[in-house]
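Shown next: start39.tsv, containing TSV, N, CA and C atoms.
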chain	number	residue	atom	x	y	z
A	1	MET	N	10.15	-84.09	-32.45
A	1	MET	CA	10.40	-82.82	-31.79
A	1	MET	C	11.04	-83.07	-30.43
A	2	SER	N	12.13	-82.40	-30.18
A	2	SER	CA	12.84	-82.56	-28.91
A	2	SER	C	12.08	-81.89	-27.78
A	3	LYS	N	11.96	-82.61	-26.68
A	3	LYS	CA	11.34	-82.06	-25.47
A	3	LYS	C	12.43	-82.00	-24.42
A	4	LYS	N	12.91	-80.79	-24.15
A	4	LYS	CA	13.99	-80.64	-23.17
A	4	LYS	C	13.54	-81.20	-21.84
A	5	THR	N	14.33	-82.14	-21.33
A	5	THR	CA	13.94	-82.91	-20.16
A	5	THR	C	14.99	-82.81	-19.06
A	6	LEU	N	14.51	-82.60	-17.84
A	6	LEU	CA	15.38	-82.64	-16.66
A	6	LEU	C	15.15	-83.96	-15.95
A	7	VAL	N	16.22	-84.73	-15.79
A	7	VAL	CA	16.17	-85.96	-15.02
A	7	VAL	C	16.57	-85.59	-13.59
A	8	LEU	N	15.61	-85.62	-12.69
A	8	LEU	CA	15.84	-85.23	-11.30
A	8	LEU	C	15.97	-86.50	-10.47
A	9	GLY	N	17.18	-86.70	-9.94
A	9	GLY	CA	17.50	-87.94	-9.24
A	9	GLY	C	18.40	-88.82	-10.10
A	10	ALA	N	19.19	-88.16	-10.95
A	10	ALA	CA	20.06	-88.88	-11.89
A	10	ALA	C	21.16	-89.64	-11.15
A	11	SER	N	21.51	-90.81	-11.68
A	11	SER	CA	22.54	-91.65	-11.07
A	11	SER	C	23.60	-92.01	-12.09
A	12	LEU	N	24.83	-92.12	-11.61
A	12	LEU	CA	25.94	-92.58	-12.45
A	12	LEU	C	25.94	-94.09	-12.60
A	13	LYS	N	25.20	-94.79	-11.77
A	13	LYS	CA	25.17	-96.26	-11.80
A	13	LYS	C	24.36	-96.73	-13.00
A	14	SER	N	25.00	-97.53	-13.84
A	14	SER	CA	24.39	-97.94	-15.11
A	14	SER	C	23.16	-98.83	-14.94
A	15	ASN	N	22.97	-99.42	-13.76
A	15	ASN	CA	21.80	-100.28	-13.55
A	15	ASN	C	20.60	-99.52	-12.99
A	16	ARG	N	20.73	-98.21	-12.79
A	16	ARG	CA	19.63	-97.41	-12.26
A	16	ARG	C	18.74	-96.92	-13.41
A	17	TYR	N	17.44	-96.85	-13.14
A	17	TYR	CA	16.50	-96.43	-14.18
A	17	TYR	C	16.75	-94.99	-14.63
A	18	SER	N	17.18	-94.13	-13.72
A	18	SER	CA	17.46	-92.75	-14.12
A	18	SER	C	18.61	-92.70	-15.14
A	19	ASN	N	19.59	-93.57	-14.96
A	19	ASN	CA	20.72	-93.66	-15.88
A	19	ASN	C	20.22	-94.17	-17.24
A	20	LEU	N	19.41	-95.21	-17.21
A	20	LEU	CA	18.84	-95.74	-18.45
A	20	LEU	C	18.00	-94.68	-19.16
A	21	ALA	N	17.26	-93.90	-18.37
A	21	ALA	CA	16.42	-92.85	-18.97
A	21	ALA	C	17.28	-91.80	-19.68
A	22	ILE	N	18.39	-91.39	-19.06
A	22	ILE	CA	19.28	-90.43	-19.71
A	22	ILE	C	19.76	-90.99	-21.04
A	23	ASN	N	20.23	-92.22	-21.02
A	23	ASN	CA	20.71	-92.86	-22.25
A	23	ASN	C	19.64	-92.91	-23.32
A	24	ARG	N	18.44	-93.30	-22.93
A	24	ARG	CA	17.34	-93.43	-23.89
A	24	ARG	C	16.90	-92.06	-24.41
A	25	LEU	N	16.79	-91.08	-23.53
A	25	LEU	CA	16.40	-89.72	-23.95
A	25	LEU	C	17.40	-89.18	-24.98
A	26	VAL	N	18.68	-89.38	-24.72
A	26	VAL	CA	19.72	-88.93	-25.65
A	26	VAL	C	19.58	-89.67	-26.98
A	27	SER	N	19.35	-90.97	-26.93
A	27	SER	CA	19.23	-91.74	-28.17
A	27	SER	C	18.00	-91.32	-28.98
A	28	TYR	N	16.98	-90.80	-28.31
A	28	TYR	CA	15.78	-90.30	-28.98
A	28	TYR	C	15.91	-88.83	-29.34
A	29	LYS	N	17.10	-88.28	-29.16
A	29	LYS	CA	17.43	-86.90	-29.58
A	29	LYS	C	16.73	-85.80	-28.78
A	30	HIS	N	16.44	-86.08	-27.51
A	30	HIS	CA	15.89	-85.05	-26.63
A	30	HIS	C	17.05	-84.32	-25.96
A	31	ASP	N	16.89	-83.02	-25.74
A	31	ASP	CA	17.87	-82.27	-24.95
A	31	ASP	C	17.68	-82.70	-23.51
A	32	VAL	N	18.78	-82.98	-22.81
A	32	VAL	CA	18.68	-83.52	-21.47
A	32	VAL	C	19.55	-82.73	-20.50
A	33	GLU	N	19.00	-82.46	-19.34
A	33	GLU	CA	19.73	-81.91	-18.20
A	33	GLU	C	19.56	-82.93	-17.08
A	34	ALA	N	20.50	-82.95	-16.12
A	34	ALA	CA	20.41	-83.94	-15.06
A	34	ALA	C	20.94	-83.38	-13.75
A	35	ILE	N	20.23	-83.71	-12.68
A	35	ILE	CA	20.66	-83.35	-11.33
A	35	ILE	C	20.65	-84.62	-10.50
A	36	GLY	N	21.74	-84.83	-9.78
A	36	GLY	CA	21.86	-86.00	-8.92
A	36	GLY	C	22.73	-85.70	-7.71
A	37	LEU	N	23.03	-86.73	-6.96
A	37	LEU	CA	23.84	-86.56	-5.75
A	37	LEU	C	25.33	-86.45	-6.05
A	38	ARG	N	25.76	-87.04	-7.16
A	38	ARG	CA	27.18	-87.03	-7.52
A	38	ARG	C	27.38	-86.47	-8.91
A	39	GLU	N	28.41	-85.65	-9.06
A	39	GLU	CA	28.76	-85.14	-10.38
A	39	GLU	C	29.33	-86.26	-11.22
A	40	GLY	N	29.12	-86.16	-12.50
A	40	GLY	CA	29.66	-87.14	-13.42
A	40	GLY	C	29.02	-86.93	-14.78
A	41	GLU	N	29.13	-87.94	-15.62
A	41	GLU	CA	28.62	-87.83	-16.97
A	41	GLU	C	28.01	-89.14	-17.42
A	42	VAL	N	26.86	-89.03	-18.09
A	42	VAL	CA	26.16	-90.18	-18.65
A	42	VAL	C	25.77	-89.81	-20.07
A	43	SER	N	26.22	-90.58	-21.05
A	43	SER	CA	25.89	-90.32	-22.46
A	43	SER	C	26.18	-88.87	-22.87
A	44	GLY	N	27.26	-88.32	-22.34
A	44	GLY	CA	27.65	-86.96	-22.69
A	44	GLY	C	26.90	-85.89	-21.91
A	45	ILE	N	26.00	-86.28	-21.03
A	45	ILE	CA	25.23	-85.34	-20.22
A	45	ILE	C	25.90	-85.22	-18.85
A	46	LYS	N	26.24	-83.99	-18.48
A	46	LYS	CA	26.87	-83.77	-17.18
A	46	LYS	C	25.79	-83.75	-16.10
A	47	ILE	N	25.99	-84.57	-15.08
A	47	ILE	CA	25.09	-84.56	-13.93
A	47	ILE	C	25.57	-83.48	-12.97
A	48	LYS	N	24.67	-82.57	-12.65
A	48	LYS	CA	24.98	-81.48	-11.74
A	48	LYS	C	24.47	-81.84	-10.35
A	49	THR	N	25.10	-81.27	-9.32
A	49	THR	CA	24.67	-81.54	-7.96
A	49	THR	C	23.96	-80.34	-7.33
A	50	GLU	N	23.99	-79.22	-8.02
A	50	GLU	CA	23.32	-78.02	-7.51
A	50	GLU	C	22.10	-77.72	-8.37
A	51	LEU	N	21.15	-77.01	-7.77
A	51	LEU	CA	19.93	-76.66	-8.49
A	51	LEU	C	20.22	-75.51	-9.45
A	52	VAL	N	20.15	-75.82	-10.72
A	52	VAL	CA	20.44	-74.86	-11.77
A	52	VAL	C	19.12	-74.31	-12.30
A	53	ASP	N	19.11	-73.03	-12.60
A	53	ASP	CA	17.93	-72.38	-13.16
A	53	ASP	C	17.85	-72.65	-14.66
A	54	PHE	N	17.57	-73.87	-15.04
A	54	PHE	CA	17.50	-74.24	-16.45
A	54	PHE	C	16.34	-73.49	-17.11
A	55	GLU	N	16.51	-73.20	-18.39
A	55	GLU	CA	15.45	-72.54	-19.15
A	55	GLU	C	14.81	-73.53	-20.11
A	56	ASN	N	13.54	-73.29	-20.40
A	56	ASN	CA	12.80	-74.05	-21.40
A	56	ASN	C	12.72	-75.55	-21.13
A	57	ILE	N	12.58	-75.91	-19.86
A	57	ILE	CA	12.38	-77.32	-19.54
A	57	ILE	C	10.94	-77.70	-19.88
A	58	HIS	N	10.78	-78.67	-20.74
A	58	HIS	CA	9.44	-79.14	-21.11
A	58	HIS	C	8.94	-80.17	-20.10
A	59	THR	N	9.83	-81.11	-19.75
A	59	THR	CA	9.45	-82.23	-18.90
A	59	THR	C	10.48	-82.43	-17.80
A	60	ILE	N	9.99	-82.69	-16.59
A	60	ILE	CA	10.86	-83.16	-15.51
A	60	ILE	C	10.46	-84.59	-15.25
A	61	THR	N	11.42	-85.51	-15.29
A	61	THR	CA	11.14	-86.90	-14.98
A	61	THR	C	11.80	-87.22	-13.64
A	62	LEU	N	10.98	-87.66	-12.69
A	62	LEU	CA	11.43	-87.84	-11.31
A	62	LEU	C	11.93	-89.25	-11.03
A	63	TYR	N	13.07	-89.29	-10.34
A	63	TYR	CA	13.62	-90.54	-9.84
A	63	TYR	C	14.02	-90.36	-8.38
A	64	LEU	N	13.12	-89.74	-7.61
A	64	LEU	CA	13.32	-89.51	-6.18
A	64	LEU	C	12.08	-90.02	-5.45
A	65	ASN	N	12.28	-90.68	-4.31
A	65	ASN	CA	11.10	-91.12	-3.56
A	65	ASN	C	10.39	-89.90	-2.98
A	66	PRO	N	9.11	-90.04	-2.62
A	66	PRO	CA	8.32	-88.89	-2.16
A	66	PRO	C	8.97	-88.09	-1.02
A	67	ASN	N	9.61	-88.75	-0.08
A	67	ASN	CA	10.24	-88.01	1.02
A	67	ASN	C	11.37	-87.12	0.54
A	68	ARG	N	12.10	-87.56	-0.45
A	68	ARG	CA	13.21	-86.77	-1.00
A	68	ARG	C	12.72	-85.66	-1.92
A	69	GLN	N	11.51	-85.78	-2.43
A	69	GLN	CA	10.96	-84.78	-3.35
A	69	GLN	C	10.63	-83.46	-2.66
A	70	ARG	N	10.25	-83.53	-1.39
A	70	ARG	CA	9.73	-82.35	-0.69
A	70	ARG	C	10.65	-81.13	-0.83
A	71	GLN	N	11.93	-81.34	-0.72
A	71	GLN	CA	12.88	-80.22	-0.80
A	71	GLN	C	12.95	-79.59	-2.20
A	72	TYR	N	12.37	-80.25	-3.19
A	72	TYR	CA	12.43	-79.76	-4.57
A	72	TYR	C	11.12	-79.14	-5.06
A	73	TYR	N	10.08	-79.12	-4.26
A	73	TYR	CA	8.78	-78.61	-4.70
A	73	TYR	C	8.88	-77.23	-5.35
A	74	ASP	N	9.44	-76.28	-4.63
A	74	ASP	CA	9.55	-74.91	-5.16
A	74	ASP	C	10.42	-74.87	-6.41
A	75	TYR	N	11.51	-75.60	-6.38
A	75	TYR	CA	12.41	-75.64	-7.53
A	75	TYR	C	11.67	-76.13	-8.78
A	76	ILE	N	10.93	-77.22	-8.64
A	76	ILE	CA	10.20	-77.78	-9.77
A	76	ILE	C	9.18	-76.78	-10.30
A	77	VAL	N	8.39	-76.20	-9.42
A	77	VAL	CA	7.36	-75.24	-9.84
A	77	VAL	C	8.00	-74.03	-10.50
A	78	ASN	N	9.10	-73.54	-9.97
A	78	ASN	CA	9.75	-72.34	-10.52
A	78	ASN	C	10.38	-72.58	-11.90
A	79	LEU	N	10.67	-73.84	-12.24
A	79	LEU	CA	11.18	-74.13	-13.59
A	79	LEU	C	10.06	-74.08	-14.64
A	80	THR	N	8.83	-74.06	-14.19
A	80	THR	CA	7.62	-74.03	-15.03
A	80	THR	C	7.65	-75.04	-16.19
A	81	PRO	N	7.85	-76.31	-15.87
A	81	PRO	CA	7.79	-77.30	-16.95
A	81	PRO	C	6.35	-77.48	-17.42
A	82	LYS	N	6.18	-78.06	-18.59
A	82	LYS	CA	4.84	-78.38	-19.08
A	82	LYS	C	4.27	-79.57	-18.30
A	83	ARG	N	5.17	-80.52	-17.95
A	83	ARG	CA	4.71	-81.71	-17.23
A	83	ARG	C	5.82	-82.26	-16.35
A	84	VAL	N	5.37	-83.07	-15.37
A	84	VAL	CA	6.28	-83.81	-14.50
A	84	VAL	C	5.86	-85.27	-14.58
A	85	ILE	N	6.82	-86.14	-14.89
A	85	ILE	CA	6.55	-87.58	-14.95
A	85	ILE	C	6.98	-88.21	-13.63
A	86	PHE	N	6.03	-88.90	-13.01
A	86	PHE	CA	6.29	-89.64	-11.78
A	86	PHE	C	6.52	-91.10	-12.16
A	87	ASN	N	7.78	-91.50	-12.17
A	87	ASN	CA	8.14	-92.87	-12.51
A	87	ASN	C	7.75	-93.80	-11.36
A	88	PRO	N	7.66	-95.12	-11.62
A	88	PRO	CA	7.28	-96.05	-10.55
A	88	PRO	C	8.13	-95.84	-9.29
A	89	GLY	N	7.44	-95.76	-8.15
A	89	GLY	CA	8.12	-95.54	-6.87
A	89	GLY	C	8.21	-94.08	-6.46
A	90	THR	N	7.82	-93.18	-7.36
A	90	THR	CA	7.91	-91.74	-7.05
A	90	THR	C	6.53	-91.10	-6.87
A	91	GLU	N	5.48	-91.89	-6.92
A	91	GLU	CA	4.12	-91.37	-6.83
A	91	GLU	C	3.96	-90.53	-5.56
A	92	ASN	N	3.32	-89.34	-5.72
A	92	ASN	CA	3.23	-88.41	-4.59
A	92	ASN	C	2.03	-87.48	-4.76
A	93	PRO	N	0.87	-87.87	-4.22
A	93	PRO	CA	-0.35	-87.05	-4.36
A	93	PRO	C	-0.18	-85.62	-3.85
A	94	GLU	N	0.63	-85.42	-2.82
A	94	GLU	CA	0.86	-84.06	-2.31
A	94	GLU	C	1.50	-83.18	-3.38
A	95	LEU	N	2.50	-83.71	-4.07
A	95	LEU	CA	3.15	-82.93	-5.13
A	95	LEU	C	2.25	-82.80	-6.34
A	96	TYR	N	1.41	-83.81	-6.63
A	96	TYR	CA	0.46	-83.68	-7.74
A	96	TYR	C	-0.36	-82.41	-7.56
A	97	GLU	N	-0.85	-82.22	-6.34
A	97	GLU	CA	-1.71	-81.08	-6.04
A	97	GLU	C	-0.96	-79.76	-6.21
A	98	VAL	N	0.27	-79.70	-5.73
A	98	VAL	CA	1.10	-78.50	-5.87
A	98	VAL	C	1.28	-78.17	-7.35
A	99	LEU	N	1.57	-79.18	-8.15
A	99	LEU	CA	1.80	-78.97	-9.58
A	99	LEU	C	0.53	-78.53	-10.30
A	100	ARG	N	-0.57	-79.19	-10.00
A	100	ARG	CA	-1.83	-78.86	-10.67
A	100	ARG	C	-2.25	-77.42	-10.36
A	101	LYS	N	-2.01	-76.96	-9.14
A	101	LYS	CA	-2.33	-75.58	-8.78
A	101	LYS	C	-1.49	-74.58	-9.59
A	102	SER	N	-0.35	-75.05	-10.10
A	102	SER	CA	0.52	-74.21	-10.93
A	102	SER	C	0.35	-74.52	-12.41
A	103	SER	N	-0.73	-75.23	-12.75
A	103	SER	CA	-1.04	-75.60	-14.14
A	103	SER	C	0.07	-76.41	-14.81
A	104	ILE	N	0.68	-77.29	-14.04
A	104	ILE	CA	1.70	-78.20	-14.57
A	104	ILE	C	1.08	-79.59	-14.65
A	105	GLU	N	1.18	-80.19	-15.82
A	105	GLU	CA	0.60	-81.52	-16.05
A	105	GLU	C	1.33	-82.57	-15.21
A	106	VAL	N	0.55	-83.47	-14.63
A	106	VAL	CA	1.07	-84.58	-13.85
A	106	VAL	C	0.88	-85.85	-14.66
A	107	GLU	N	1.94	-86.63	-14.82
A	107	GLU	CA	1.84	-87.89	-15.54
A	107	GLU	C	2.48	-88.98	-14.69
A	108	VAL	N	1.69	-89.96	-14.30
A	108	VAL	CA	2.18	-91.09	-13.53
A	108	VAL	C	2.45	-92.20	-14.54
A	109	ALA	N	3.72	-92.38	-14.86
A	109	ALA	CA	4.10	-93.29	-15.94
A	109	ALA	C	5.59	-93.61	-15.84
A	110	CYS	N	6.05	-94.45	-16.73
A	110	CYS	CA	7.46	-94.79	-16.80
A	110	CYS	C	8.05	-94.13	-18.05
A	111	THR	N	9.04	-93.29	-17.84
A	111	THR	CA	9.68	-92.58	-18.95
A	111	THR	C	10.18	-93.56	-20.02
A	112	LEU	N	10.77	-94.67	-19.58
A	112	LEU	CA	11.31	-95.64	-20.54
A	112	LEU	C	10.20	-96.26	-21.40
A	113	VAL	N	9.07	-96.54	-20.79
A	113	VAL	CA	7.94	-97.09	-21.55
A	113	VAL	C	7.37	-96.03	-22.49
A	114	LEU	N	7.21	-94.81	-22.00
A	114	LEU	CA	6.69	-93.73	-22.86
A	114	LEU	C	7.57	-93.56	-24.11
A	115	LEU	N	8.87	-93.59	-23.90
A	115	LEU	CA	9.79	-93.43	-25.05
A	115	LEU	C	9.66	-94.61	-26.01
A	116	SER	N	9.65	-95.82	-25.48
A	116	SER	CA	9.66	-97.01	-26.35
A	116	SER	C	8.34	-97.21	-27.09
A	117	THR	N	7.27	-96.58	-26.61
A	117	THR	CA	5.97	-96.71	-27.27
A	117	THR	C	5.57	-95.43	-28.01
A	118	ASN	N	6.51	-94.54	-28.21
A	118	ASN	CA	6.29	-93.26	-28.91
A	118	ASN	C	5.17	-92.42	-28.28
A	119	GLN	N	5.06	-92.46	-26.97
A	119	GLN	CA	4.07	-91.65	-26.26
A	119	GLN	C	4.72	-90.52	-25.47
A	120	TYR	N	6.04	-90.36	-25.62
A	120	TYR	CA	6.75	-89.34	-24.85
A	120	TYR	C	6.37	-87.96	-25.34
Would you write the structure of this file as structure tokens?
Amino acid sequence: MSKKTLVLGASLKSNRYSNLAINRLVSYKHDVEAIGLREGEVSGIKIKTELVDFENIHTITLYLNPNRQRQYYDYIVNLTPKRVIFNPGTENPELYEVLRKSSIEVEVACTLVLLSTNQY
């Protein structure tokens, strides 16, 4: 079953984990949206630079350090995802609390590992 996923902090650089995550999500047949600092395309997914009001986002996978996340708190909550995955280096107890108060599941994990172990 496809879980529409927003990659927040997407990069065009092929050695970045967010880029690898987009590639892997596409290969696992998930619908993917991406927001990053630069427009471009990864595995046929257009990276947007503006905050888009996406619909039916199941999962947001974060690739932003905690200081950069602050400006996205309201955006993330307003998208009403089922869960937010905090990849290594993105752990943020302040945002965990914001999400939990909005009944959004918090998962501290690696998207690439979740996919490769069929736990996504």
*If you count only N, CA and C atoms, which residues fall within 7 Å of stretch 11-15 of chain A, apart from same-chain ones fewer than 6 positions away, as a list of chain:residue names?*
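In the requested format, the answer is A:Ile35, A:Gly36, A:Leu37, A:Arg38, A:Gly40, A:Glu41, A:Val42.
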*Can you list every residue in chain A that DSSP puts in helix (DSSP H, G or I), as number ranges by chain?*
A: 17-27, 66-78, 93-101, 111-116
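Nearest-residue note for A:Ile85: choosing from A:Tyr73, A:Val32, A:Ile60, A:Lys101, the minimum distance belongs to A:Ile60, counting only C-alpha atoms.
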*Please indicate the distance in Å from atom CA of A:Val7 to atom CA of A:Tyr63, rounded to one decimal place.*
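These atoms are spaced 7.4 Å apart.
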*For atom N of A:Val26 and atom CA of A:Val113, the interatomic separation in Å (one decimal)*: 13.6 Å
*Which of these, A:Lys29, A:Arg24, A:Arg16, A:Lys82, has the shortest distance to A:Thr59 once you count only C-alpha atoms?*
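So, comparing all the options, the nearest one is A:Lys82.
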_Neighbouring residues of stretch 4-6 of chain A were defined as those with any atom within 9 Å, considering only C-alpha atoms; residues of the same chain fewer than 3 positions away were excluded. Please report them as a list of chain:residue names._
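The residues that qualify are A:Leu25, A:His30, A:Asp31, A:Val32, A:Glu33, A:Ala34, A:Ile35, A:Phe54, A:Asn56, A:Ile57, A:His58, A:Thr59, A:Ile60, A:Thr61, A:Leu62, A:Pro81.
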Residue subset to file, keeping N, CA and C atoms, as a PDB file, keeping the file's coordinate frame:
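The resulting file, result38.pdb, is shown below:
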ATOM      1  N   LEU A  25      16.790 -91.080 -23.530  1.00  0.00           N
ATOM      2  CA  LEU A  25      16.400 -89.720 -23.950  1.00  0.00           C
ATOM      3  C   LEU A  25      17.400 -89.180 -24.980  1.00  0.00           C
ATOM      4  N   HIS A  30      16.440 -86.080 -27.510  1.00  0.00           N
ATOM      5  CA  HIS A  30      15.890 -85.050 -26.630  1.00  0.00           C
ATOM      6  C   HIS A  30      17.050 -84.320 -25.960  1.00  0.00           C
ATOM      7  N   ASP A  31      16.890 -83.020 -25.740  1.00  0.00           N
ATOM      8  CA  ASP A  31      17.870 -82.270 -24.950  1.00  0.00           C
ATOM      9  C   ASP A  31      17.680 -82.700 -23.510  1.00  0.00           C
ATOM     10  N   VAL A  32      18.780 -82.980 -22.810  1.00  0.00           N
ATOM     11  CA  VAL A  32      18.680 -83.520 -21.470  1.00  0.00           C
ATOM     12  C   VAL A  32      19.550 -82.730 -20.500  1.00  0.00           C
ATOM     13  N   GLU A  33      19.000 -82.460 -19.340  1.00  0.00           N
ATOM     14  CA  GLU A  33      19.730 -81.910 -18.200  1.00  0.00           C
ATOM     15  C   GLU A  33      19.560 -82.930 -17.080  1.00  0.00           C
ATOM     16  N   ALA A  34      20.500 -82.950 -16.120  1.00  0.00           N
ATOM     17  CA  ALA A  34      20.410 -83.940 -15.060  1.00  0.00           C
ATOM     18  C   ALA A  34      20.940 -83.380 -13.750  1.00  0.00           C
ATOM     19  N   ILE A  35      20.230 -83.710 -12.680  1.00  0.00           N
ATOM     20  CA  ILE A  35      20.660 -83.350 -11.330  1.00  0.00           C
ATOM     21  C   ILE A  35      20.650 -84.620 -10.500  1.00  0.00           C
ATOM     22  N   PHE A  54      17.570 -73.870 -15.040  1.00  0.00           N
ATOM     23  CA  PHE A  54      17.500 -74.240 -16.450  1.00  0.00           C
ATOM     24  C   PHE A  54      16.340 -73.490 -17.110  1.00  0.00           C
ATOM     25  N   ASN A  56      13.540 -73.290 -20.400  1.00  0.00           N
ATOM     26  CA  ASN A  56      12.800 -74.050 -21.400  1.00  0.00           C
ATOM     27  C   ASN A  56      12.720 -75.550 -21.130  1.00  0.00           C
ATOM     28  N   ILE A  57      12.580 -75.910 -19.860  1.00  0.00           N
ATOM     29  CA  ILE A  57      12.380 -77.320 -19.540  1.00  0.00           C
ATOM     30  C   ILE A  57      10.940 -77.700 -19.880  1.00  0.00           C
ATOM     31  N   HIS A  58      10.780 -78.670 -20.740  1.00  0.00           N
ATOM     32  CA  HIS A  58       9.440 -79.140 -21.110  1.00  0.00           C
ATOM     33  C   HIS A  58       8.940 -80.170 -20.100  1.00  0.00           C
ATOM     34  N   THR A  59       9.830 -81.110 -19.750  1.00  0.00           N
ATOM     35  CA  THR A  59       9.450 -82.230 -18.900  1.00  0.00           C
ATOM     36  C   THR A  59      10.480 -82.430 -17.800  1.00  0.00           C
ATOM     37  N   ILE A  60       9.990 -82.690 -16.590  1.00  0.00           N
ATOM     38  CA  ILE A  60      10.860 -83.160 -15.510  1.00  0.00           C
ATOM     39  C   ILE A  60      10.460 -84.590 -15.250  1.00  0.00           C
ATOM     40  N   THR A  61      11.420 -85.510 -15.290  1.00  0.00           N
ATOM     41  CA  THR A  61      11.140 -86.900 -14.980  1.00  0.00           C
ATOM     42  C   THR A  61      11.800 -87.220 -13.640  1.00  0.00           C
ATOM     43  N   LEU A  62      10.980 -87.660 -12.690  1.00  0.00           N
ATOM     44  CA  LEU A  62      11.430 -87.840 -11.310  1.00  0.00           C
ATOM     45  C   LEU A  62      11.930 -89.250 -11.030  1.00  0.00           C
ATOM     46  N   PRO A  81       7.850 -76.310 -15.870  1.00  0.00           N
ATOM     47  CA  PRO A  81       7.790 -77.300 -16.950  1.00  0.00           C
ATOM     48  C   PRO A  81       6.350 -77.480 -17.420  1.00  0.00           C
TER      49      PRO A  81
END
_Can you pull out every residue from stretch 18-102 of chain A that DSSP, working from the backbone, puts in strand (DSSP E), and format the result as a VMD selection string?_
chain A and resid 32 to 36 40 to 42 45 to 48 59 to 62 83 to 86
*Between A:Ser18, A:Phe86, A:Tyr28, A:Arg100, which is the closest to A:Lys3 once you count only N, CA and C atoms?*
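Closest to A:Lys3 of all the choices is A:Tyr28.
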*Point out the residue among A:Ser43, A:Asn19, A:Thr80, A:Asn65 with the least atom-to-atom distance to A:Thr111, counting only C-alpha atoms.*
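Using only C-alpha atoms, the shortest distance to A:Thr111 belongs to A:Asn19.
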_I'd like the interatomic distance between atom CA of A:Leu8 and atom C of A:Glu97, to a tenth of an Å._
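Between atom CA of A:Leu8 and atom C of A:Glu97 the gap is 18.4 Å.
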